[in-house]
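The structure appears below as structure tokens.
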Amino acid sequence: MKTAVISGTGLYTPPHKISNEELVTAFNAFVDRFNAENAAAIAAGEIEELQHSSAEFIEKASGVKSRFVMDKKGVLDPERLCPIIPERSNDNISVLAEIGIAAAKEAINNAGLTAQDIDGVIIAASNMQRPYPAMAIEIQNALGIDGFGFDMNVACSSATFGLQTACDIVRSGSAQRVLMVNPEICSGHLNFRDRDSHFIFGDVATAVIIESADTAKSDTQWEVLGTRLRTSFSNNIRNNFGFLNRCDENGIGKPDKLFVQEGRKVFKEVVPMVADLITGHLSDTGLDPAGLRRIWLHQANIHMNIMIAKKVFNRDIDSDTTPIILDEYANTSSAGSVIAFHKYSQDLKPGDTGLLCSFGAGYSAGSIILRRR
Ligand code: COA
């Protein structure tokens with residue numbers, strides 16, 4: 001069995017940023033308009049009056065201060081509250097592949113490779129823009145990669161599931177180098193009219209190169225000491241969008257075709273699941289949590305991350321041990337832990353051990369133990 005290493009990462013950050021204040025102003029204008037238009041029905045008790053959102057609540061409850069998006073105009077238009085991302089003709093590169101390529105190029109470059117060195121492409125993401133042909137094959141084609149590509153979706157855990165898949169491919173010798181990409185246009189699946197969740201997500205793309213240690217030449221290499229995945233069915237985070245239910249009898253999309261969740265239940269049930277996964281994985285690998293230099297967690301909610309980290313380390317934690325990027329990027333689904341790793345791993349020294357972890361819908365969770373070479 002070969003040894004797999006992470007030899008490069010890349011990050012694409014969209015050009016537009018939205019603060020909580022801007023988001024809340026648009027949402028509240030929508031609420032005021034809705035309540036005015038439905039004043040009679042609200043007074044008659046037929047429709048429930050909508051409530052304002054609040055920037056203070058958002059920051060306190062989630063830790064999010066802003067998010068990056070592919071389109072700002074549509075999201076902040078109170079009459080629309082939905083991004084404007086025009087459909088492209090089949091002759092043009094799809095938007096998901098385009099942002100994936102931007103992150104992929106940086107990762108390939110950081111690994112000291114060219115696209116021709118790559119054998120396989122995996123897109124691992126929760127927000128796919130179409131079922132087929134795979135966006136991974138589109139990226140493979142655009143970069144001139146000779147090999148294979150496929151898409152996979154395990155919601156917010158897609159990156160760790162993608163990493164394990166890529167590591168298994170490399171370890172078994174089926175391919176020498178795999179490019180794993182997480183393009184997440186989460187604004188497409190977010191219901192910006194839902195007060196409970198309109199602030200949660202942002203858009204981004206990340207990419208990781210996984211290759212066999214015997215040929216890796218990057219200055220910065222992370223040996224993959226172990227990978228572990230877990231899933232446990234739950235309806236508490238769900239998106240019913242699919243080709244079997246494109247519209248209702250009037251041809252109108254329904255809110256459950258977007259992201260919905262029972263946030264409190266998710267919090268309560270996922271924190272122990274993730275902490276157990278991490279501590280069990282470390283123990284089975286013969287590692288003491290006290291020896292971990294850093295954990296790069298999925299970025300969903302600041303309080304969840306603090307609780308998970310406290311359970312793992314059994315002490316108070318700080319931003320050096322558990323970097324947070326959620327304040328600036330919001331929840332970027334599968335890409336969150338990879339952004340944290342990309343931005344906050346260079347200062348670790350050879351021999352230092354860290355752990356990358358994702359969690360989300362499914363429920364699903366993944367743990368990847370890394371040691372700097
Ligand atoms: N602005 C102002 N107030 C709001 C609000 C908003 N946008 N949204 C909800 N509230 C109010 C609620 O009405 C409620 O008021 P009440 O106490 O008078 O009934 C109160 O704030 C608390 O609401 P609740 O939904 O229970 O908030 P919370 O503390 O659970 O925080 C989340 C909400 C979503 C931030 C939090 O549950 C969470 O992050 N959970 C985990 C989500 C997650 O990680 N999902 C994974 C996706 S990958």
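Going by the structure tokens order, chains are called A, B, ..., each with residues numbered from 1, while ligands are numbered from 1 in the order shown.
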Which residues are near ligand 1 - at most 7 Å, using only C-alpha atoms and all ligand atoms? Format: as a compact mmCIF listing (two decimals) with all heavy atoms, in the first residue's frame.
```
# COMPACT_ATOMS: atom_id res chain seq x y z
N HIS A 52 -39.01 40.60 11.44
CA HIS A 52 -37.71 41.11 10.98
C HIS A 52 -36.57 40.18 11.41
O HIS A 52 -36.66 39.52 12.43
CB HIS A 52 -37.45 42.50 11.60
CG HIS A 52 -38.07 43.59 10.80
ND1 HIS A 52 -37.92 44.91 11.13
CD2 HIS A 52 -38.85 43.59 9.69
CE1 HIS A 52 -38.58 45.67 10.25
NE2 HIS A 52 -39.15 44.89 9.39
N SER A 53 -35.51 40.20 10.63
CA SER A 53 -34.27 39.54 11.03
C SER A 53 -33.38 40.57 11.73
O SER A 53 -33.71 41.76 11.74
CB SER A 53 -33.57 39.01 9.78
OG SER A 53 -32.40 38.31 10.13
N SER A 54 -32.28 40.12 12.31
CA SER A 54 -31.41 41.08 13.01
C SER A 54 -29.94 40.66 12.88
O SER A 54 -29.59 39.49 13.07
CB SER A 54 -31.84 41.19 14.47
OG SER A 54 -30.80 40.86 15.34
N ALA A 55 -29.11 41.65 12.51
CA ALA A 55 -27.67 41.38 12.33
C ALA A 55 -27.05 40.94 13.66
O ALA A 55 -26.16 40.08 13.67
CB ALA A 55 -26.97 42.63 11.80
N PHE A 57 -28.50 39.25 16.09
CA PHE A 57 -28.86 37.85 16.33
C PHE A 57 -27.95 36.93 15.52
O PHE A 57 -27.44 35.94 16.02
CB PHE A 57 -30.33 37.57 15.96
CG PHE A 57 -30.65 36.10 15.92
CD1 PHE A 57 -30.98 35.42 17.08
CD2 PHE A 57 -30.57 35.38 14.73
CE1 PHE A 57 -31.23 34.05 17.06
CE2 PHE A 57 -30.81 34.01 14.70
CZ PHE A 57 -31.15 33.34 15.86
N ILE A 58 -27.79 37.28 14.25
CA ILE A 58 -27.02 36.40 13.35
C ILE A 58 -25.61 36.19 13.87
O ILE A 58 -25.13 35.06 13.98
CB ILE A 58 -27.00 37.00 11.91
CG1 ILE A 58 -28.41 36.99 11.32
CG2 ILE A 58 -26.02 36.24 11.02
CD1 ILE A 58 -28.55 37.76 10.02
N ALA A 61 -25.75 34.17 17.26
CA ALA A 61 -26.19 32.77 17.17
C ALA A 61 -25.26 31.92 16.31
O ALA A 61 -25.14 30.71 16.54
CB ALA A 61 -27.61 32.70 16.60
N SER A 62 -24.60 32.54 15.32
CA SER A 62 -23.85 31.70 14.37
C SER A 62 -22.37 32.03 14.27
O SER A 62 -21.59 31.20 13.81
CB SER A 62 -24.46 31.85 12.98
OG SER A 62 -24.19 33.15 12.46
N CYS A 156 -22.30 18.72 3.39
CA CYS A 156 -21.17 19.47 3.95
C CYS A 156 -19.95 18.58 4.21
O CYS A 156 -18.85 19.10 4.41
CB CYS A 156 -21.58 20.16 5.25
SG CYS A 156 -22.69 21.54 4.97
N ARG A 195 -36.24 33.47 7.58
CA ARG A 195 -35.53 34.20 8.64
C ARG A 195 -34.58 33.29 9.43
O ARG A 195 -33.52 33.73 9.88
CB ARG A 195 -36.60 34.78 9.57
CG ARG A 195 -36.11 35.53 10.79
CD ARG A 195 -37.34 36.11 11.45
NE ARG A 195 -37.09 36.79 12.69
CZ ARG A 195 -37.38 36.28 13.89
NH1 ARG A 195 -37.86 35.05 13.99
NH2 ARG A 195 -37.16 36.99 14.98
N ASP A 196 -34.97 32.02 9.60
CA ASP A 196 -34.16 31.10 10.42
C ASP A 196 -32.82 30.73 9.76
O ASP A 196 -31.91 30.27 10.44
CB ASP A 196 -34.93 29.79 10.69
CG ASP A 196 -36.08 30.02 11.64
OD1 ASP A 196 -36.14 31.09 12.28
OD2 ASP A 196 -36.95 29.13 11.74
N SER A 197 -32.74 30.83 8.44
CA SER A 197 -31.52 30.32 7.81
C SER A 197 -30.94 31.24 6.72
O SER A 197 -29.93 30.90 6.12
CB SER A 197 -31.80 28.94 7.19
OG SER A 197 -32.74 29.04 6.15
N ILE A 237 -31.53 18.00 8.34
CA ILE A 237 -31.02 18.92 7.31
C ILE A 237 -31.41 18.29 5.99
O ILE A 237 -31.03 17.14 5.73
CB ILE A 237 -29.48 19.09 7.34
CG1 ILE A 237 -28.96 19.28 8.76
CG2 ILE A 237 -29.06 20.25 6.46
CD1 ILE A 237 -27.44 19.25 8.86
N GLN A 261 -33.63 23.17 7.69
CA GLN A 261 -33.03 22.42 8.79
C GLN A 261 -33.75 22.68 10.11
O GLN A 261 -34.45 23.68 10.26
CB GLN A 261 -31.56 22.75 8.94
CG GLN A 261 -31.31 24.13 9.55
CD GLN A 261 -29.88 24.34 10.03
OE1 GLN A 261 -29.07 23.42 10.01
NE2 GLN A 261 -29.56 25.54 10.47
N GLY A 263 -32.31 23.55 13.14
CA GLY A 263 -30.99 23.97 13.60
C GLY A 263 -30.63 23.51 15.00
O GLY A 263 -29.52 23.04 15.25
N ARG A 264 -31.58 23.63 15.91
CA ARG A 264 -31.31 23.23 17.31
C ARG A 264 -30.98 21.75 17.43
O ARG A 264 -30.07 21.34 18.14
CB ARG A 264 -32.54 23.54 18.17
CG ARG A 264 -32.70 25.00 18.50
CD ARG A 264 -31.97 25.31 19.78
NE ARG A 264 -31.69 26.73 19.85
CZ ARG A 264 -32.10 27.52 20.82
NH1 ARG A 264 -32.83 27.04 21.80
NH2 ARG A 264 -31.76 28.77 20.82
N VAL A 266 -29.94 19.79 15.04
CA VAL A 266 -28.66 19.53 14.36
C VAL A 266 -27.53 19.78 15.35
O VAL A 266 -26.63 18.95 15.52
CB VAL A 266 -28.50 20.45 13.13
CG1 VAL A 266 -27.11 20.32 12.53
CG2 VAL A 266 -29.56 20.12 12.08
N PHE A 267 -27.59 20.91 15.98
CA PHE A 267 -26.58 21.30 16.97
C PHE A 267 -26.40 20.18 18.01
O PHE A 267 -25.30 19.69 18.25
CB PHE A 267 -27.04 22.59 17.64
CG PHE A 267 -25.95 23.37 18.28
CD1 PHE A 267 -25.59 24.62 17.79
CD2 PHE A 267 -25.27 22.88 19.37
CE1 PHE A 267 -24.58 25.34 18.38
CE2 PHE A 267 -24.26 23.58 19.97
CZ PHE A 267 -23.91 24.83 19.48
N ALA A 300 -19.70 25.67 10.35
CA ALA A 300 -21.15 25.81 10.27
C ALA A 300 -21.65 26.81 11.30
O ALA A 300 -22.51 27.63 11.01
CB ALA A 300 -21.84 24.47 10.49
N ASN A 301 -21.12 26.72 12.48
CA ASN A 301 -21.60 27.55 13.59
C ASN A 301 -20.48 27.64 14.62
O ASN A 301 -19.94 26.61 15.03
CB ASN A 301 -22.86 26.91 14.18
CG ASN A 301 -23.36 27.64 15.40
OD1 ASN A 301 -22.70 27.64 16.44
ND2 ASN A 301 -24.51 28.26 15.28
N SER A 333 -20.33 25.04 3.18
CA SER A 333 -20.55 23.60 3.04
C SER A 333 -19.23 22.85 3.01
O SER A 333 -18.37 23.09 3.85
CB SER A 333 -21.40 23.35 1.78
OG SER A 333 -21.94 22.06 1.85
N PHE A 359 -18.66 17.87 8.81
CA PHE A 359 -19.91 17.27 9.29
C PHE A 359 -21.07 17.99 8.63
O PHE A 359 -20.93 19.14 8.21
CB PHE A 359 -20.01 17.34 10.81
CG PHE A 359 -19.66 18.68 11.42
CD1 PHE A 359 -20.62 19.67 11.58
CD2 PHE A 359 -18.36 18.95 11.82
CE1 PHE A 359 -20.30 20.90 12.16
CE2 PHE A 359 -18.02 20.18 12.38
CZ PHE A 359 -18.99 21.15 12.55
N GLY A 360 -22.20 17.31 8.54
CA GLY A 360 -23.34 17.96 7.92
C GLY A 360 -24.47 17.01 7.63
O GLY A 360 -24.63 15.98 8.31
N ALA A 361 -25.23 17.34 6.57
CA ALA A 361 -26.46 16.60 6.26
C ALA A 361 -26.13 15.14 6.02
O ALA A 361 -25.05 14.76 5.58
CB ALA A 361 -27.14 17.21 5.05
```
Can I get the residues of range 158-232 of chain A within 9 Å of range 309-330 of chain A, each with the closest pair of atoms and their distance in Å to one decimal, using only C-alpha atoms, sorted chain first then ascending number, as a tab-separated table?
```
residue	atom	partner	partner_atom	distance
A:Phe199	CA	A:Ala330	CA	8.0
A:Ile200	CA	A:Ala330	CA	6.1
A:Phe201	CA	A:Ala330	CA	5.3
A:Gly202	CA	A:Ala330	CA	5.4
A:Asp203	CA	A:Tyr329	CA	7.7
A:Val204	CA	A:Tyr329	CA	8.1
```
| request: For range 109-117 of chain A, work out the shell of residues within 7 Å, counting only C-alpha atoms and skipping chain neighbours fewer than 5 positions away, then give it as a list in words. | output: Ser7, Gly8, Thr9, Leu143, Gly144, Ile145, Asp146, Lys217 and Ser218 of chain A
Using only all heavy atoms, please write the residues we just selected to a file, as a PDB file, in the first residue's frame.
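Now in result_9.pdb:
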```pdb
ATOM      1  N   SER A   7      -0.431  17.538  -1.163  1.00  0.00           N
ATOM      2  CA  SER A   7       0.755  18.297  -1.580  1.00  0.00           C
ATOM      3  C   SER A   7       0.428  19.706  -2.060  1.00  0.00           C
ATOM      4  O   SER A   7       1.333  20.470  -2.396  1.00  0.00           O
ATOM      5  CB  SER A   7       1.495  17.538  -2.677  1.00  0.00           C
ATOM      6  OG  SER A   7       0.629  17.298  -3.760  1.00  0.00           O
ATOM      7  N   GLY A   8      -0.854  20.055  -2.089  1.00  0.00           N
ATOM      8  CA  GLY A   8      -1.194  21.416  -2.507  1.00  0.00           C
ATOM      9  C   GLY A   8      -2.672  21.694  -2.287  1.00  0.00           C
ATOM     10  O   GLY A   8      -3.491  20.775  -2.374  1.00  0.00           O
ATOM     11  N   THR A   9      -2.988  22.949  -1.981  1.00  0.00           N
ATOM     12  CA  THR A   9      -4.400  23.337  -1.846  1.00  0.00           C
ATOM     13  C   THR A   9      -4.611  24.655  -2.586  1.00  0.00           C
ATOM     14  O   THR A   9      -3.664  25.415  -2.823  1.00  0.00           O
ATOM     15  CB  THR A   9      -4.814  23.541  -0.366  1.00  0.00           C
ATOM     16  OG1 THR A   9      -3.932  24.491   0.231  1.00  0.00           O
ATOM     17  CG2 THR A   9      -4.779  22.253   0.414  1.00  0.00           C
ATOM     18  N   LEU A 143      -8.762  21.374 -18.309  1.00  0.00           N
ATOM     19  CA  LEU A 143      -7.357  21.441 -17.884  1.00  0.00           C
ATOM     20  C   LEU A 143      -6.460  20.515 -18.714  1.00  0.00           C
ATOM     21  O   LEU A 143      -5.243  20.511 -18.539  1.00  0.00           O
ATOM     22  CB  LEU A 143      -7.232  21.081 -16.395  1.00  0.00           C
ATOM     23  CG  LEU A 143      -7.841  22.079 -15.400  1.00  0.00           C
ATOM     24  CD1 LEU A 143      -7.680  21.586 -13.967  1.00  0.00           C
ATOM     25  CD2 LEU A 143      -7.209  23.457 -15.545  1.00  0.00           C
ATOM     26  N   GLY A 144      -7.065  19.717 -19.583  1.00  0.00           N
ATOM     27  CA  GLY A 144      -6.277  18.811 -20.420  1.00  0.00           C
ATOM     28  C   GLY A 144      -5.693  17.645 -19.630  1.00  0.00           C
ATOM     29  O   GLY A 144      -4.553  17.247 -19.842  1.00  0.00           O
ATOM     30  N   ILE A 145      -6.506  17.110 -18.707  1.00  0.00           N
ATOM     31  CA  ILE A 145      -6.033  15.999 -17.866  1.00  0.00           C
ATOM     32  C   ILE A 145      -6.393  14.668 -18.526  1.00  0.00           C
ATOM     33  O   ILE A 145      -7.545  14.445 -18.921  1.00  0.00           O
ATOM     34  CB  ILE A 145      -6.670  16.093 -16.452  1.00  0.00           C
ATOM     35  CG1 ILE A 145      -6.095  17.311 -15.727  1.00  0.00           C
ATOM     36  CG2 ILE A 145      -6.453  14.809 -15.664  1.00  0.00           C
ATOM     37  CD1 ILE A 145      -6.820  17.673 -14.452  1.00  0.00           C
ATOM     38  N   ASP A 146      -5.397  13.793 -18.628  1.00  0.00           N
ATOM     39  CA  ASP A 146      -5.607  12.485 -19.233  1.00  0.00           C
ATOM     40  C   ASP A 146      -5.935  11.515 -18.097  1.00  0.00           C
ATOM     41  O   ASP A 146      -5.081  11.233 -17.267  1.00  0.00           O
ATOM     42  CB  ASP A 146      -4.306  12.078 -19.955  1.00  0.00           C
ATOM     43  CG  ASP A 146      -4.478  10.789 -20.712  1.00  0.00           C
ATOM     44  OD1 ASP A 146      -5.634  10.399 -20.965  1.00  0.00           O
ATOM     45  OD2 ASP A 146      -3.453  10.158 -21.033  1.00  0.00           O
ATOM     46  N   LYS A 217       6.664  16.246  -4.824  1.00  0.00           N
ATOM     47  CA  LYS A 217       7.841  17.121  -4.792  1.00  0.00           C
ATOM     48  C   LYS A 217       7.553  18.503  -4.211  1.00  0.00           C
ATOM     49  O   LYS A 217       8.408  19.377  -4.226  1.00  0.00           O
ATOM     50  CB  LYS A 217       8.423  17.245  -6.204  1.00  0.00           C
ATOM     51  CG  LYS A 217       7.398  17.635  -7.263  1.00  0.00           C
ATOM     52  CD  LYS A 217       7.993  17.512  -8.650  1.00  0.00           C
ATOM     53  CE  LYS A 217       6.958  17.857  -9.695  1.00  0.00           C
ATOM     54  NZ  LYS A 217       7.320  17.585 -11.037  1.00  0.00           N
ATOM     55  N   SER A 218       6.336  18.690  -3.718  1.00  0.00           N
ATOM     56  CA  SER A 218       5.958  19.979  -3.127  1.00  0.00           C
ATOM     57  C   SER A 218       6.803  20.281  -1.884  1.00  0.00           C
ATOM     58  O   SER A 218       7.196  19.368  -1.152  1.00  0.00           O
ATOM     59  CB  SER A 218       4.482  19.919  -2.750  1.00  0.00           C
ATOM     60  OG  SER A 218       4.170  20.945  -1.864  1.00  0.00           O
TER      61      SER A 218
END
```
| message | Would you compute the distance between CA of Phe233 in chain A and CA of Gly362 in chain A? Give it in Å to one decimal. | response | 5.3 Å
| task | Per DSSP on the backbone, filter range 51-163 of chain A down to the residues in helix (DSSP H, G or I) and report them as a PyMOL selection string. | result | chain A and resi 55-62+73-76+95-110+115-117+135-143+158-163
| task | Would you mind reading off the distance between CA of Thr332 in chain A and CA of Ala134 in chain A, one decimal, in Å? | result | 20.8 Å
| Could you work out how far CA of Gly286 in chain A lies from CA of Ser174 in chain A, giving the answer in Å with one decimal? |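 Distance between the two atoms: 28.0 Å.
Distance annotation: of A:Pro289, A:Gly336, A:Pro86, A:Pro15, the residue with the minimal separation from Gly188 in chain A is A:Pro86; atom set is only C-alpha atoms.
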| Among listed residues A:Glu22, A:Glu59, A:Glu184, A:Asp214, nearest Lys72 in chain A (using only C-alpha atoms) |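 The answer is A:Glu22, which sits nearest to Lys72 in chain A.
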| query | Between A:Thr165, A:Ser89, A:Ser367, A:Asn35, which is the closest to Gly120 in chain A once you count only C-alpha atoms? | reply |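 Closest residue, counting only C-alpha atoms: A:Thr165.
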| said: Quick one: residues within 10 Å of Ala104 in chain A, only C-alpha atoms, excluding same-chain residues fewer than 6 positions away - as a ChimeraX atom specification? | reply: /A:8-12,97-98,110,115,121,139,143,179-183,205-209
Save the residues we just selected, all heavy atoms, as a short mmCIF file (atom, residue, chain, number, x, y, z; two decimals), in the first residue's frame?
```
data_model
loop_
_atom_site.label_atom_id
_atom_site.label_comp_id
_atom_site.auth_asym_id
_atom_site.auth_seq_id
_atom_site.Cartn_x
_atom_site.Cartn_y
_atom_site.Cartn_z
N GLY A 8 -0.85 20.06 -2.09
CA GLY A 8 -1.19 21.42 -2.51
C GLY A 8 -2.67 21.69 -2.29
O GLY A 8 -3.49 20.78 -2.37
N THR A 9 -2.99 22.95 -1.98
CA THR A 9 -4.40 23.34 -1.85
C THR A 9 -4.61 24.66 -2.59
O THR A 9 -3.66 25.41 -2.82
CB THR A 9 -4.81 23.54 -0.37
OG1 THR A 9 -3.93 24.49 0.23
CG2 THR A 9 -4.78 22.25 0.41
N GLY A 10 -5.85 24.92 -2.94
CA GLY A 10 -6.19 26.17 -3.63
C GLY A 10 -7.53 26.70 -3.17
O GLY A 10 -8.38 25.93 -2.68
N LEU A 11 -7.70 28.00 -3.30
CA LEU A 11 -8.93 28.65 -2.83
C LEU A 11 -9.37 29.69 -3.84
O LEU A 11 -8.57 30.54 -4.25
CB LEU A 11 -8.64 29.32 -1.47
CG LEU A 11 -9.68 30.29 -0.90
CD1 LEU A 11 -10.97 29.55 -0.53
CD2 LEU A 11 -9.12 30.99 0.35
N TYR A 12 -10.63 29.62 -4.23
CA TYR A 12 -11.22 30.70 -5.04
C TYR A 12 -12.27 31.40 -4.19
O TYR A 12 -13.21 30.77 -3.69
CB TYR A 12 -11.88 30.14 -6.31
CG TYR A 12 -12.77 31.18 -6.98
CD1 TYR A 12 -12.21 32.18 -7.77
CD2 TYR A 12 -14.15 31.19 -6.76
CE1 TYR A 12 -13.01 33.16 -8.35
CE2 TYR A 12 -14.95 32.16 -7.33
CZ TYR A 12 -14.38 33.14 -8.12
OH TYR A 12 -15.17 34.12 -8.67
N ALA A 97 -17.81 24.53 -12.75
CA ALA A 97 -16.49 24.08 -13.23
C ALA A 97 -15.52 25.27 -13.26
O ALA A 97 -14.34 25.13 -12.91
CB ALA A 97 -16.62 23.46 -14.61
N GLU A 98 -16.03 26.44 -13.64
CA GLU A 98 -15.17 27.62 -13.74
C GLU A 98 -14.53 27.99 -12.40
O GLU A 98 -13.32 28.20 -12.32
CB GLU A 98 -15.99 28.80 -14.27
CG GLU A 98 -15.19 30.04 -14.53
CD GLU A 98 -16.07 31.11 -15.17
OE1 GLU A 98 -16.31 31.03 -16.39
OE2 GLU A 98 -16.55 32.00 -14.44
N ASN A 110 0.65 25.02 -6.33
CA ASN A 110 1.26 24.86 -5.00
C ASN A 110 1.91 23.49 -4.82
O ASN A 110 2.84 23.34 -4.02
CB ASN A 110 0.20 25.07 -3.90
CG ASN A 110 -0.12 26.54 -3.71
OD1 ASN A 110 0.64 27.40 -4.15
ND2 ASN A 110 -1.26 26.84 -3.11
N ALA A 115 -1.11 20.44 -14.88
CA ALA A 115 -2.34 19.65 -15.02
C ALA A 115 -2.05 18.30 -15.66
O ALA A 115 -2.73 17.31 -15.35
CB ALA A 115 -3.35 20.43 -15.86
N VAL A 121 -9.88 13.44 -11.45
CA VAL A 121 -10.51 14.62 -10.85
C VAL A 121 -11.78 14.17 -10.13
O VAL A 121 -12.61 13.47 -10.70
CB VAL A 121 -10.90 15.66 -11.93
CG1 VAL A 121 -11.49 16.91 -11.27
CG2 VAL A 121 -9.70 16.03 -12.80
N ILE A 139 -14.02 19.76 -15.89
CA ILE A 139 -12.75 20.32 -15.40
C ILE A 139 -11.57 19.54 -15.99
O ILE A 139 -10.58 20.12 -16.45
CB ILE A 139 -12.69 20.30 -13.85
CG1 ILE A 139 -13.68 21.32 -13.28
CG2 ILE A 139 -11.28 20.57 -13.35
CD1 ILE A 139 -13.68 21.44 -11.77
N LEU A 143 -8.76 21.37 -18.31
CA LEU A 143 -7.36 21.44 -17.88
C LEU A 143 -6.46 20.51 -18.71
O LEU A 143 -5.24 20.51 -18.54
CB LEU A 143 -7.23 21.08 -16.39
CG LEU A 143 -7.84 22.08 -15.40
CD1 LEU A 143 -7.68 21.59 -13.97
CD2 LEU A 143 -7.21 23.46 -15.55
N LEU A 179 -6.89 15.20 -8.18
CA LEU A 179 -7.32 16.57 -7.87
C LEU A 179 -8.73 16.49 -7.31
O LEU A 179 -9.63 15.99 -7.98
CB LEU A 179 -7.29 17.40 -9.15
CG LEU A 179 -8.04 18.73 -9.17
CD1 LEU A 179 -7.38 19.74 -8.23
CD2 LEU A 179 -8.09 19.29 -10.59
N MET A 180 -8.92 16.94 -6.06
CA MET A 180 -10.24 16.90 -5.43
C MET A 180 -10.73 18.35 -5.28
O MET A 180 -10.05 19.17 -4.66
CB MET A 180 -10.12 16.22 -4.07
CG MET A 180 -11.39 15.72 -3.45
SD MET A 180 -12.29 16.89 -2.45
CE MET A 180 -11.13 17.43 -1.24
N VAL A 181 -11.88 18.67 -5.86
CA VAL A 181 -12.35 20.06 -5.93
C VAL A 181 -13.71 20.20 -5.23
O VAL A 181 -14.56 19.33 -5.36
CB VAL A 181 -12.50 20.50 -7.41
CG1 VAL A 181 -12.62 22.01 -7.51
CG2 VAL A 181 -11.33 20.02 -8.25
N ASN A 182 -13.87 21.32 -4.52
CA ASN A 182 -15.14 21.58 -3.81
C ASN A 182 -15.72 22.94 -4.22
O ASN A 182 -15.60 23.91 -3.48
CB ASN A 182 -14.91 21.58 -2.28
CG ASN A 182 -13.90 20.56 -1.85
OD1 ASN A 182 -12.76 20.89 -1.50
ND2 ASN A 182 -14.28 19.31 -1.88
N PRO A 183 -16.35 23.01 -5.37
CA PRO A 183 -16.99 24.28 -5.75
C PRO A 183 -18.37 24.36 -5.10
O PRO A 183 -19.21 23.49 -5.34
CB PRO A 183 -17.10 24.18 -7.28
CG PRO A 183 -17.05 22.72 -7.59
CD PRO A 183 -16.53 21.97 -6.40
N ALA A 205 -14.82 28.17 -3.64
CA ALA A 205 -14.35 26.88 -4.18
C ALA A 205 -12.98 26.59 -3.59
O ALA A 205 -12.14 27.49 -3.46
CB ALA A 205 -14.25 26.92 -5.70
N THR A 206 -12.76 25.32 -3.25
CA THR A 206 -11.45 24.89 -2.76
C THR A 206 -10.99 23.68 -3.59
O THR A 206 -11.82 23.02 -4.23
CB THR A 206 -11.49 24.50 -1.26
OG1 THR A 206 -12.58 23.61 -1.04
CG2 THR A 206 -11.65 25.71 -0.39
N ALA A 207 -9.69 23.42 -3.54
CA ALA A 207 -9.16 22.27 -4.26
C ALA A 207 -7.97 21.70 -3.49
O ALA A 207 -7.25 22.45 -2.81
CB ALA A 207 -8.71 22.69 -5.66
N VAL A 208 -7.79 20.40 -3.58
CA VAL A 208 -6.71 19.70 -2.87
C VAL A 208 -6.07 18.69 -3.82
O VAL A 208 -6.78 17.99 -4.55
CB VAL A 208 -7.27 18.95 -1.63
CG1 VAL A 208 -6.15 18.25 -0.86
CG2 VAL A 208 -8.04 19.88 -0.70
N ILE A 209 -4.74 18.62 -3.79
CA ILE A 209 -4.03 17.58 -4.55
C ILE A 209 -3.63 16.47 -3.58
O ILE A 209 -3.00 16.73 -2.55
CB ILE A 209 -2.73 18.13 -5.20
CG1 ILE A 209 -3.03 19.33 -6.10
CG2 ILE A 209 -2.00 17.02 -5.97
CD1 ILE A 209 -3.80 19.02 -7.35
#
```
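You can rank A:Val24, A:Ala39, A:Leu96, A:Ala124 by their closest distance to Leu76 in chain A using only C-alpha atoms, and at the top of that list sits A:Val24.
Nearest to Met135 in chain A of all the residues A:Val178, A:Ile210, A:Ala4, A:Ile99 is A:Ile99, counting only C-alpha atoms.
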| Those of range 92-172 of chain A in DSSP strand (DSSP E or B), formatted as an NGL selection string | :A and (120-124 or 148-152 or 154 or 156)
Atoms to include: C-alpha atoms. Write the selected residues as a compact mmCIF listing (two decimals), in the first residue's frame.
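In the end it all went to selection.txt:
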```txt
# COMPACT_ATOMS: atom_id res chain seq x y z
CA GLY A 120 -8.09 11.86 -11.86
CA VAL A 121 -10.51 14.62 -10.85
CA ILE A 122 -13.15 14.34 -8.13
CA ILE A 123 -15.69 17.07 -7.54
CA ALA A 124 -16.95 16.61 -4.00
CA PHE A 148 -10.92 10.12 -15.29
CA GLY A 149 -13.32 12.36 -13.38
CA PHE A 150 -16.50 11.94 -11.35
CA ASP A 151 -18.77 13.96 -9.06
CA MET A 152 -19.81 12.95 -5.56
CA VAL A 154 -22.12 14.00 0.76
CA CYS A 156 -21.17 19.47 3.95
```
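In this comparison, which uses only C-alpha atoms, the residue of A:Val31, A:Ile339, A:Ile278, A:Leu258 approaching Cys357 in chain A most closely is A:Ile278.
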| Leu297 in chain A surroundings by only C-alpha atoms, 7 Å radius, close-in-sequence under 4 positions cut, as JSON, numbers by chain | {"A": [305, 337, 356, 357, 358]}
Pull N, CA and C atoms from the residues just selected and write them as an mmCIF file, in the first residue's frame.
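And here is the file that came out, result_16.cif:
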```cif
data_model
loop_
_atom_site.group_PDB
_atom_site.id
_atom_site.type_symbol
_atom_site.label_atom_id
_atom_site.label_comp_id
_atom_site.auth_asym_id
_atom_site.auth_seq_id
_atom_site.Cartn_x
_atom_site.Cartn_y
_atom_site.Cartn_z
ATOM 1 N N ASN A 305 -18.409 24.584 16.727
ATOM 2 C CA ASN A 305 -16.966 24.344 16.596
ATOM 3 C C ASN A 305 -16.275 24.407 17.955
ATOM 4 N N SER A 337 -13.832 23.421 5.927
ATOM 5 C CA SER A 337 -12.634 22.908 6.617
ATOM 6 C C SER A 337 -11.400 23.034 5.718
ATOM 7 N N LEU A 356 -8.365 17.277 9.992
ATOM 8 C CA LEU A 356 -9.362 17.997 9.191
ATOM 9 C C LEU A 356 -10.672 17.243 9.332
ATOM 10 N N CYS A 357 -11.739 17.974 9.617
ATOM 11 C CA CYS A 357 -13.000 17.284 9.929
ATOM 12 C C CYS A 357 -14.196 18.013 9.337
ATOM 13 N N SER A 358 -15.096 17.252 8.765
ATOM 14 C CA SER A 358 -16.320 17.848 8.234
ATOM 15 C C SER A 358 -17.523 17.192 8.892
#
```
